[in-house]
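Text of input28.pdb, listed as PDB, C-alpha atoms:
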```pdb
ATOM      1  CA  MET A 288       0.000   0.000   0.000  1.00  0.00           C
ATOM      2  CA  GLY A 289       1.086   3.564  -0.637  1.00  0.00           C
ATOM      3  CA  HIS A 290       0.722   6.542   1.664  1.00  0.00           C
ATOM      4  CA  ARG A 291      -2.695   7.464   0.226  1.00  0.00           C
ATOM      5  CA  GLU A 292      -4.158   4.060   1.068  1.00  0.00           C
ATOM      6  CA  ASP A 293      -2.326   3.909   4.411  1.00  0.00           C
ATOM      7  CA  LEU A 294      -3.792   7.279   5.370  1.00  0.00           C
ATOM      8  CA  LEU A 295      -7.304   6.135   4.516  1.00  0.00           C
ATOM      9  CA  VAL A 296      -6.914   2.927   6.547  1.00  0.00           C
ATOM     10  CA  GLY A 297      -5.503   4.914   9.466  1.00  0.00           C
ATOM     11  CA  ALA A 298      -8.283   7.505   9.246  1.00  0.00           C
ATOM     12  CA  LYS A 299     -10.935   4.774   9.285  1.00  0.00           C
ATOM     13  CA  ARG A 300      -9.316   3.209  12.327  1.00  0.00           C
ATOM     14  CA  CYS A 301      -9.279   6.618  14.073  1.00  0.00           C
ATOM     15  CA  LEU A 302     -12.895   7.208  13.057  1.00  0.00           C
ATOM     16  CA  TYR A 303     -13.866   3.962  14.774  1.00  0.00           C
ATOM     17  CA  GLU A 304     -11.623   4.422  17.813  1.00  0.00           C
ATOM     18  CA  LYS A 305     -11.796   8.169  18.503  1.00  0.00           C
ATOM     19  CA  GLY A 306     -14.723   9.417  16.471  1.00  0.00           C
ATOM     20  CA  PHE A 307     -14.922  12.016  13.734  1.00  0.00           C
ATOM     21  CA  VAL A 308     -14.546  15.220  15.725  1.00  0.00           C
ATOM     22  CA  ARG A 309     -11.871  14.107  18.209  1.00  0.00           C
ATOM     23  CA  THR A 310      -9.490  12.632  15.617  1.00  0.00           C
ATOM     24  CA  THR A 311      -6.454  14.813  14.963  1.00  0.00           C
ATOM     25  CA  ALA A 312      -4.037  14.774  12.044  1.00  0.00           C
ATOM     26  CA  ARG A 313      -1.398  13.423  14.411  1.00  0.00           C
ATOM     27  CA  ASP A 314      -3.726  10.542  15.354  1.00  0.00           C
ATOM     28  CA  ILE A 315      -4.097   9.622  11.692  1.00  0.00           C
ATOM     29  CA  VAL A 316      -0.342   9.811  11.109  1.00  0.00           C
ATOM     30  CA  ALA A 317       0.281   7.554  14.105  1.00  0.00           C
ATOM     31  CA  ALA A 318      -2.346   5.054  12.953  1.00  0.00           C
ATOM     32  CA  SER A 319      -1.142   5.035   9.351  1.00  0.00           C
ATOM     33  CA  GLY A 320       2.638   5.147   9.806  1.00  0.00           C
ATOM     34  CA  THR A 321       2.890   8.099   7.417  1.00  0.00           C
ATOM     35  CA  ASN A 322       3.721  11.771   7.987  1.00  0.00           C
ATOM     36  CA  LEU A 323       1.752  14.988   8.371  1.00  0.00           C
ATOM     37  CA  GLY A 324       2.730  16.239   4.915  1.00  0.00           C
ATOM     38  CA  SER A 325       1.131  13.164   3.334  1.00  0.00           C
ATOM     39  CA  ILE A 326      -2.321  14.228   4.466  1.00  0.00           C
ATOM     40  CA  GLY A 327      -2.135  17.543   2.619  1.00  0.00           C
ATOM     41  CA  TYR A 328      -0.455  16.025  -0.398  1.00  0.00           C
ATOM     42  CA  HIS A 329      -2.960  13.203  -0.891  1.00  0.00           C
ATOM     43  CA  TYR A 330      -6.205  14.630   0.519  1.00  0.00           C
ATOM     44  CA  GLY A 331      -5.761  18.381   0.882  1.00  0.00           C
ATOM     45  CA  SER A 332      -6.730  18.442   4.558  1.00  0.00           C
ATOM     46  CA  LYS A 333      -7.432  16.257   7.561  1.00  0.00           C
ATOM     47  CA  ASP A 334     -11.152  17.013   7.225  1.00  0.00           C
ATOM     48  CA  ALA A 335     -11.192  15.905   3.586  1.00  0.00           C
ATOM     49  CA  LEU A 336      -9.459  12.667   4.591  1.00  0.00           C
ATOM     50  CA  MET A 337     -11.937  12.088   7.420  1.00  0.00           C
ATOM     51  CA  HIS A 338     -14.835  12.709   5.017  1.00  0.00           C
ATOM     52  CA  GLN A 339     -13.403  10.078   2.700  1.00  0.00           C
ATOM     53  CA  ALA A 340     -12.908   7.669   5.616  1.00  0.00           C
ATOM     54  CA  LEU A 341     -16.527   8.099   6.654  1.00  0.00           C
ATOM     55  CA  LEU A 342     -17.818   7.609   3.113  1.00  0.00           C
ATOM     56  CA  GLU A 343     -15.628   4.521   2.639  1.00  0.00           C
ATOM     57  CA  SER A 344     -16.890   3.071   5.933  1.00  0.00           C
ATOM     58  CA  MET A 345     -20.493   3.672   4.897  1.00  0.00           C
ATOM     59  CA  LYS A 346     -19.855   2.128   1.477  1.00  0.00           C
ATOM     60  CA  GLU A 347     -18.228  -0.933   3.066  1.00  0.00           C
ATOM     61  CA  TRP A 348     -21.252  -1.344   5.345  1.00  0.00           C
ATOM     62  CA  GLY A 349     -23.586  -0.996   2.357  1.00  0.00           C
ATOM     63  CA  ASP A 350     -21.604  -3.516   0.314  1.00  0.00           C
ATOM     64  CA  GLU A 351     -21.523  -5.991   3.203  1.00  0.00           C
ATOM     65  CA  LEU A 352     -25.228  -5.470   3.765  1.00  0.00           C
ATOM     66  CA  GLY A 353     -25.987  -6.041   0.098  1.00  0.00           C
ATOM     67  CA  LEU A 354     -24.056  -9.309   0.050  1.00  0.00           C
ATOM     68  CA  ALA A 355     -25.617 -10.518   3.282  1.00  0.00           C
ATOM     69  CA  LEU A 356     -29.108  -9.624   2.163  1.00  0.00           C
ATOM     70  CA  ALA A 357     -28.775 -11.336  -1.180  1.00  0.00           C
ATOM     71  CA  HIS A 358     -29.439 -14.562   0.722  1.00  0.00           C
ATOM     72  CA  ALA A 359     -31.600 -13.208   3.561  1.00  0.00           C
ATOM     73  CA  ALA A 360     -34.831 -13.430   1.635  1.00  0.00           C
ATOM     74  CA  SER A 361     -35.636 -14.990  -1.677  1.00  0.00           C
ATOM     75  CA  ALA A 362     -37.245 -12.888  -4.355  1.00  0.00           C
ATOM     76  CA  ASP A 363     -40.264 -15.204  -4.392  1.00  0.00           C
ATOM     77  CA  SER A 364     -40.939 -14.881  -0.650  1.00  0.00           C
ATOM     78  CA  GLU A 365     -43.979 -13.033   0.608  1.00  0.00           C
ATOM     79  CA  PRO A 366     -43.398  -9.262   1.100  1.00  0.00           C
ATOM     80  CA  MET A 367     -43.745  -9.411   4.909  1.00  0.00           C
ATOM     81  CA  GLU A 368     -41.417 -12.435   5.082  1.00  0.00           C
ATOM     82  CA  ARG A 369     -38.866 -10.524   3.007  1.00  0.00           C
ATOM     83  CA  PHE A 370     -39.311  -7.419   5.209  1.00  0.00           C
ATOM     84  CA  GLU A 371     -38.705  -9.450   8.370  1.00  0.00           C
ATOM     85  CA  ALA A 372     -35.734 -11.349   6.933  1.00  0.00           C
ATOM     86  CA  VAL A 373     -34.081  -8.178   5.674  1.00  0.00           C
ATOM     87  CA  TRP A 374     -34.516  -6.344   8.986  1.00  0.00           C
ATOM     88  CA  THR A 375     -33.268  -9.362  10.908  1.00  0.00           C
ATOM     89  CA  ARG A 376     -30.084  -9.358   8.829  1.00  0.00           C
ATOM     90  CA  VAL A 377     -29.652  -5.566   9.104  1.00  0.00           C
ATOM     91  CA  ILE A 378     -29.841  -5.819  12.881  1.00  0.00           C
ATOM     92  CA  GLU A 379     -27.367  -8.726  12.940  1.00  0.00           C
ATOM     93  CA  LEU A 380     -24.816  -6.560  11.103  1.00  0.00           C
ATOM     94  CA  MET A 381     -25.104  -3.641  13.532  1.00  0.00           C
ATOM     95  CA  ASP A 382     -22.580  -4.962  16.016  1.00  0.00           C
ATOM     96  CA  ALA A 383     -19.792  -5.242  13.455  1.00  0.00           C
ATOM     97  CA  HIS A 384     -20.368  -1.637  12.351  1.00  0.00           C
ATOM     98  CA  ARG A 385     -21.347  -0.027  15.634  1.00  0.00           C
ATOM     99  CA  MET A 386     -18.517   2.507  15.567  1.00  0.00           C
ATOM    100  CA  MET A 387     -19.379   3.609  12.018  1.00  0.00           C
ATOM    101  CA  TRP A 388     -22.914   4.320  13.216  1.00  0.00           C
ATOM    102  CA  ALA A 389     -21.586   6.079  16.323  1.00  0.00           C
ATOM    103  CA  ALA A 390     -19.494   8.314  14.045  1.00  0.00           C
ATOM    104  CA  ASN A 391     -22.577   9.090  11.954  1.00  0.00           C
ATOM    105  CA  PHE A 392     -24.528  10.159  15.036  1.00  0.00           C
ATOM    106  CA  GLU A 393     -21.555  12.227  16.210  1.00  0.00           C
ATOM    107  CA  ILE A 394     -21.500  13.989  12.860  1.00  0.00           C
ATOM    108  CA  LEU A 395     -25.251  14.614  12.984  1.00  0.00           C
ATOM    109  CA  ALA A 396     -24.780  16.337  16.331  1.00  0.00           C
ATOM    110  CA  ASN A 397     -22.056  18.560  14.834  1.00  0.00           C
ATOM    111  CA  LEU A 398     -23.459  19.284  11.357  1.00  0.00           C
ATOM    112  CA  ASP A 399     -23.641  23.034  11.944  1.00  0.00           C
ATOM    113  CA  ASP A 400     -19.842  23.005  12.327  1.00  0.00           C
ATOM    114  CA  LEU A 401     -19.319  20.686   9.344  1.00  0.00           C
ATOM    115  CA  PRO A 402     -21.082  22.277   6.337  1.00  0.00           C
ATOM    116  CA  GLU A 403     -18.927  20.405   3.818  1.00  0.00           C
ATOM    117  CA  ILE A 404     -19.837  17.024   5.294  1.00  0.00           C
ATOM    118  CA  ARG A 405     -23.510  18.047   5.356  1.00  0.00           C
ATOM    119  CA  LYS A 406     -23.367  18.504   1.588  1.00  0.00           C
ATOM    120  CA  VAL A 407     -21.570  15.185   1.057  1.00  0.00           C
ATOM    121  CA  LEU A 408     -24.120  13.333   3.195  1.00  0.00           C
ATOM    122  CA  ALA A 409     -27.063  15.090   1.545  1.00  0.00           C
ATOM    123  CA  ASP A 410     -25.727  14.076  -1.861  1.00  0.00           C
ATOM    124  CA  ALA A 411     -25.241  10.485  -0.697  1.00  0.00           C
ATOM    125  CA  GLN A 412     -28.705  10.296   0.869  1.00  0.00           C
ATOM    126  CA  ASN A 413     -30.546   9.712  -2.398  1.00  0.00           C
ATOM    127  CA  GLN A 414     -28.086   7.009  -3.394  1.00  0.00           C
ATOM    128  CA  GLY A 415     -28.660   5.315  -0.040  1.00  0.00           C
ATOM    129  CA  ARG A 416     -32.418   5.491  -0.488  1.00  0.00           C
ATOM    130  CA  ALA A 417     -32.148   3.919  -3.942  1.00  0.00           C
ATOM    131  CA  GLY A 418     -30.019   1.139  -2.461  1.00  0.00           C
ATOM    132  CA  LEU A 419     -32.606   0.495   0.229  1.00  0.00           C
ATOM    133  CA  VAL A 420     -35.308   0.198  -2.449  1.00  0.00           C
ATOM    134  CA  SER A 421     -33.178  -2.429  -4.158  1.00  0.00           C
ATOM    135  CA  VAL A 422     -32.649  -4.317  -0.896  1.00  0.00           C
ATOM    136  CA  PHE A 423     -36.223  -4.221   0.392  1.00  0.00           C
ATOM    137  CA  LEU A 424     -38.179  -4.504  -2.850  1.00  0.00           C
ATOM    138  CA  GLY A 425     -35.686  -6.426  -4.962  1.00  0.00           C
ATOM    139  CA  VAL A 426     -35.974  -3.899  -7.796  1.00  0.00           C
ATOM    140  CA  ASP A 427     -33.521  -1.330  -9.160  1.00  0.00           C
ATOM    141  CA  GLY A 428     -34.019   1.774  -7.037  1.00  0.00           C
ATOM    142  CA  ASP A 429     -31.736   3.915  -9.196  1.00  0.00           C
ATOM    143  CA  GLY A 430     -34.218   4.069 -12.025  1.00  0.00           C
ATOM    144  CA  ASN A 431     -37.340   4.843 -10.028  1.00  0.00           C
ATOM    145  CA  GLU A 432     -37.493   8.298  -8.467  1.00  0.00           C
ATOM    146  CA  TYR A 433     -40.949   7.663  -6.998  1.00  0.00           C
ATOM    147  CA  LEU A 434     -39.861   4.510  -5.130  1.00  0.00           C
ATOM    148  CA  THR A 435     -36.657   6.207  -3.996  1.00  0.00           C
ATOM    149  CA  ARG A 436     -38.594   9.201  -2.631  1.00  0.00           C
ATOM    150  CA  THR A 437     -41.245   7.086  -0.898  1.00  0.00           C
ATOM    151  CA  VAL A 438     -40.126   3.544  -0.067  1.00  0.00           C
ATOM    152  CA  GLY A 439     -36.440   4.509   0.119  1.00  0.00           C
ATOM    153  CA  ALA A 440     -37.170   7.413   2.456  1.00  0.00           C
ATOM    154  CA  LEU A 441     -39.373   5.230   4.670  1.00  0.00           C
ATOM    155  CA  CYS A 442     -36.723   2.510   4.891  1.00  0.00           C
ATOM    156  CA  GLN A 443     -34.065   5.119   5.625  1.00  0.00           C
ATOM    157  CA  ALA A 444     -36.182   6.585   8.431  1.00  0.00           C
ATOM    158  CA  LEU A 445     -36.693   3.093   9.850  1.00  0.00           C
ATOM    159  CA  LEU A 446     -32.990   2.347   9.553  1.00  0.00           C
ATOM    160  CA  VAL A 447     -31.902   5.464  11.441  1.00  0.00           C
ATOM    161  CA  GLY A 448     -34.563   4.817  14.092  1.00  0.00           C
ATOM    162  CA  VAL A 449     -33.630   1.159  14.531  1.00  0.00           C
ATOM    163  CA  VAL A 450     -29.928   2.024  14.665  1.00  0.00           C
ATOM    164  CA  SER A 451     -30.516   4.673  17.335  1.00  0.00           C
ATOM    165  CA  GLN A 452     -32.629   2.289  19.432  1.00  0.00           C
ATOM    166  CA  TRP A 453     -30.020  -0.428  19.030  1.00  0.00           C
ATOM    167  CA  MET A 454     -27.187   1.908  20.052  1.00  0.00           C
ATOM    168  CA  PHE A 455     -29.021   3.179  23.144  1.00  0.00           C
ATOM    169  CA  ASP A 456     -30.321  -0.152  24.379  1.00  0.00           C
ATOM    170  CA  PRO A 457     -29.536  -3.189  22.199  1.00  0.00           C
ATOM    171  CA  ASP A 458     -31.306  -5.565  24.573  1.00  0.00           C
ATOM    172  CA  ASN A 459     -34.630  -3.787  24.056  1.00  0.00           C
ATOM    173  CA  ALA A 460     -34.234  -2.655  20.448  1.00  0.00           C
ATOM    174  CA  PRO A 461     -36.753  -4.126  17.993  1.00  0.00           C
ATOM    175  CA  SER A 462     -35.990  -7.318  16.106  1.00  0.00           C
ATOM    176  CA  GLY A 463     -36.885  -7.989  12.496  1.00  0.00           C
ATOM    177  CA  ARG A 464     -39.920  -9.890  13.754  1.00  0.00           C
ATOM    178  CA  ASP A 465     -40.959  -6.951  15.989  1.00  0.00           C
ATOM    179  CA  LEU A 466     -40.797  -4.568  13.033  1.00  0.00           C
ATOM    180  CA  ALA A 467     -42.784  -6.920  10.800  1.00  0.00           C
ATOM    181  CA  GLU A 468     -45.435  -7.447  13.500  1.00  0.00           C
ATOM    182  CA  GLY A 469     -45.638  -3.690  14.081  1.00  0.00           C
ATOM    183  CA  LEU A 470     -46.158  -3.091  10.379  1.00  0.00           C
ATOM    184  CA  ARG A 471     -48.817  -5.807  10.237  1.00  0.00           C
ATOM    185  CA  ALA A 472     -50.631  -4.190  13.196  1.00  0.00           C
ATOM    186  CA  LEU A 473     -50.521  -0.749  11.539  1.00  0.00           C
ATOM    187  CA  MET A 474     -51.848  -2.159   8.280  1.00  0.00           C
ATOM    188  CA  ALA A 475     -54.644  -4.046  10.079  1.00  0.00           C
ATOM    189  CA  ALA A 476     -55.640  -0.915  12.018  1.00  0.00           C
ATOM    190  CA  ASN A 477     -55.840   1.083   8.804  1.00  0.00           C
ATOM    191  CA  ARG A 478     -57.991  -1.592   7.130  1.00  0.00           C
ATOM    192  CA  ALA A 479     -60.403  -1.528  10.076  1.00  0.00           C
ATOM    193  CA  ASP A 480     -61.102   2.193   9.631  1.00  0.00           C
TER
END
```
As structure tokens, how would this structure be written, given the file I've shared?
Amino acid sequence: MGHREDLLVGAKRCLYEKGFVRTTARDIVAASGTNLGSIGYHYGSKDALMHQALLESMKEWGDELGLALAHAASADSEPMERFEAVWTRVIELMDAHRMMWAANFEILANLDDLPEIRKVLADAQNQGRAGLVSVFLGVDGDGNEYLTRTVGALCQALLVGVVSQWMFDPDNAPSGRDLAEGLRALMAANRAD
């Protein structure tokens, strides 16, 4: 690996160990075995490197999730079975990526001080929604703006809510089955009206 890749690996490690805001350039240099000048040369600034580390971590989680979910529910399963299986697998993957989610929540709390990361995350949000459409419906979310805006946004809201519940109290956070049963109860209540 060259310095550029070493810096990114070190920045991701710092992101997971120290968080986004508390990581210094010196922390990254220590974790990567490079030098301070390498950060500016390869990334322009420590913040730009940390942005890249966060985006890479999120992409890795998304890729791992996509692979795991490819087998979580078959395309011919009933929609509620697929919903439950997908959420069960999402929740199983939370532990391995807990620090990435902690960094995301840290960034959310500091967005007013990080306008450049706000823009990056806002731009990535639609891509994430399209990916969630693909995962939950088994169709290409990139080509369907309506599904991305509706189903993708709903799944994203559920994801952030489930992640926050899981981070606060994993023992009492909802399971895939809980979410499916809750959705069934909501649908039944709406049919009764």
Counting only C-alpha atoms, the residue among A:Asn431, A:Ser319, A:Ser325, A:Thr375 that lies closest to Leu466 (chain A) is A:Thr375
Fill in: Residue neighbourhood Val308 (chain A), 9 Å, all atoms listed in the file, exclusion window fewer than 2 positions, as a ChimeraX atom specification
/A:302,305-306,310-311,390,393-394,397
For the atom pair CA of Ala318 (chain A) and CA of Leu295 (chain A), what is the interatomic distance in Å to one decimal place?
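Separating CA of Ala318 (chain A) from CA of Leu295 (chain A) is a distance of 9.8 Å.
Going from CA of Phe307 (chain A) over to CA of Phe392 (chain A), you cover 9.9 Å.
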Which neighbours of region 471-477 of chain A fall inside 12 Å, counting all atoms listed in the file, when residues of the same chain fewer than 6 positions from it are skipped, and could you give them as a VMD selection string? chain A and resid 366 to 368 370 to 371 464 to 465
Using only C-alpha atoms, the best pick from A:Ala355, A:Ala372, A:Ala298, A:Val450 as closest to Ala335 (chain A) would be A:Ala298
